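All remarks here apply to the structure that follows.
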Amino acid sequence: LDLPAGGAPPADGQTLSKMSTQRSIPVHPATRAIHFGGLGIGLAAGAAAAAVRRAVSGEQEAHPLLMNEANVERLAATLCRLRGAALKVGQMLSFNDADVLPPAVRTLMERVRNGADWMPAWQLEETLRRELGDRWREHVESFDEEPVAAASIGQVHRATLVDGRRVAIKVQYPGVSDSIVSDLWSMRQLVTYTGVVPPGLYLDRVLEVAREELLEECDYEREQKKTAAKRKETVRRSATTSARRQTPPGSRSCSPRTRS
């Protein structure tokens, strides 16, 4: 858990979308694999139903059977609920050139890009207790139960500490870091099965980049150290700039590296 200074959510947080809903996240890799399996069965059933409708009506639709409207929503809803590597890959694919994607797939990518679902109160409380202890609320004056942002690996809540500081509390979804490898394998099978993206989008490279980014993003302690170092460097540069502006014209400034 990261407690950055300031009241605004971190820059990497995705603003909570109107399409996001409050749903628990499957925690264990085995449970997540079951969801992927259920998704595959649902997509096959949806394609079969679409094939029957086409045969009865005699109409020819532009999109593939697997990417009918119901399946697009089914796929997007599952990725947004699973979050983690599943949603990360979906979001990365959504930023590729939309012109090479079929219309149904563009709809899917837009839905996925608009944000993740967020944890219900009981799962949020359970996660905070496990990470910060049962008495974590004694350290905050106030805590907004509804997040201001939700992304692939966590959600962000505004809070005020007992000393008056306004902070953003970044809560990592439980089980996300332990499911990276299994989620990426499942996503590879899913994308291959559905043909949701053309070969030209280099799926292998997308999955590798997703793995690297997720491993780094899930390490909140490392992120906190980088943020602190960046803030310290910003303060140093600001102080140096201020000192230069206050130096009278024609005067000489001295430092440990200069001698007058």
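By convention here, the chains of the structure tokens are called A, B, ... in the order presented, each chain's residues are numbered starting at 1, and ligands are numbered starting at 1 in the order presented.
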
So that I can check the surroundings of Arg83 of chain A, please list as a list in words every protein, DNA and RNA residue that reaches within 8 Å of it, counting only C-alpha atoms and ignoring chain neighbours fewer than 3 positions away.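 Within the cut-off, the hits are Ile25, Leu79, Cys80, Ala86, Leu87, Lys88, Ala116, Asp117, Ala151, Ser152, Ile153 and Val176 of chain A.
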
Going by DSSP on the backbone, which bits of segment 29-134 of chain A are alpha helix (DSSP H)? Write them as JSON, numbers by chain, please. {"A": [29, 30, 31, 32, 33, 34, 35, 36, 37, 38, 39, 40, 41, 42, 43, 44, 45, 46, 47, 48, 49, 50, 51, 52, 53, 54, 55, 56, 57, 69, 70, 71, 72, 73, 74, 75, 76, 77, 78, 79, 80, 81, 82, 84, 85, 86, 87, 88, 89, 90, 91, 92, 93, 94, 103, 104, 105, 106, 107, 108, 109, 110, 111, 112, 113, 121, 122, 123, 124, 125, 126, 127, 128, 129, 130, 131, 132]}

Using Å and a single decimal, report how far atom CA of Gln155 of chain A sits from atom CA of Arg135 of chain A. 20.8 Å

Where does segment 18-102 of chain A meet segment 137-150 of chain A within 12 Å, residue by residue, with the nearest atom pair and distance in Å to one decimal for each, counting only C-alpha atoms, listed by chain and rising number, as a Markdown table?
| residue | atom | partner | partner_atom | distance |
| --- | --- | --- | --- | --- |
| A:Lys18 | CA | A:Ala149 | CA | 11.2 |
| A:Met19 | CA | A:Ala150 | CA | 11.6 |
| A:Ser20 | CA | A:Ala150 | CA | 8.6 |
| A:Thr21 | CA | A:Ala150 | CA | 10.5 |
| A:Gln22 | CA | A:Glu146 | CA | 9.3 |
| A:Cys80 | CA | A:Ala150 | CA | 10.2 |
| A:Arg81 | CA | A:Ala150 | CA | 11.4 |
| A:Arg83 | CA | A:Ala150 | CA | 9.6 |
| A:Gly84 | CA | A:Ala150 | CA | 11.2 |
| A:Leu87 | CA | A:Ala150 | CA | 11.4 |

Same residues, N, CA and C atoms, saved as a compact mmCIF listing (two decimals), in the first residue's frame:
# COMPACT_ATOMS: atom_id res chain seq x y z
N LYS A 18 -18.25 5.47 -15.35
CA LYS A 18 -19.66 5.22 -15.08
C LYS A 18 -20.02 3.78 -15.38
N MET A 19 -19.23 3.12 -16.24
CA MET A 19 -19.49 1.73 -16.58
C MET A 19 -18.89 0.76 -15.57
N SER A 20 -18.05 1.26 -14.65
CA SER A 20 -17.48 0.41 -13.63
C SER A 20 -18.53 0.07 -12.59
N THR A 21 -18.45 -1.14 -12.06
CA THR A 21 -19.39 -1.57 -11.04
C THR A 21 -18.64 -2.12 -9.84
N GLN A 22 -19.34 -2.23 -8.72
CA GLN A 22 -18.74 -2.73 -7.50
C GLN A 22 -18.88 -4.26 -7.48
N CYS A 80 -12.98 -6.78 -17.02
CA CYS A 80 -13.10 -5.71 -16.03
C CYS A 80 -13.30 -6.26 -14.63
N ARG A 81 -13.90 -7.44 -14.52
CA ARG A 81 -14.06 -8.03 -13.19
C ARG A 81 -12.78 -8.69 -12.71
N ARG A 83 -9.71 -7.98 -13.64
CA ARG A 83 -8.66 -6.99 -13.47
C ARG A 83 -7.28 -7.64 -13.60
N GLY A 84 -6.26 -7.12 -12.97
CA GLY A 84 -4.95 -7.74 -13.05
C GLY A 84 -4.40 -7.82 -14.46
N LEU A 87 -6.98 -7.60 -17.50
CA LEU A 87 -7.41 -6.26 -17.91
C LEU A 87 -6.24 -5.46 -18.48

From the list A:Leu93, A:Leu184, A:Val171, A:Ala121, which residue is nearest Tyr220 of chain A when using only C-alpha atoms?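 Once distances to Tyr220 of chain A are computed over only C-alpha atoms, the minimum belongs to A:Val171.
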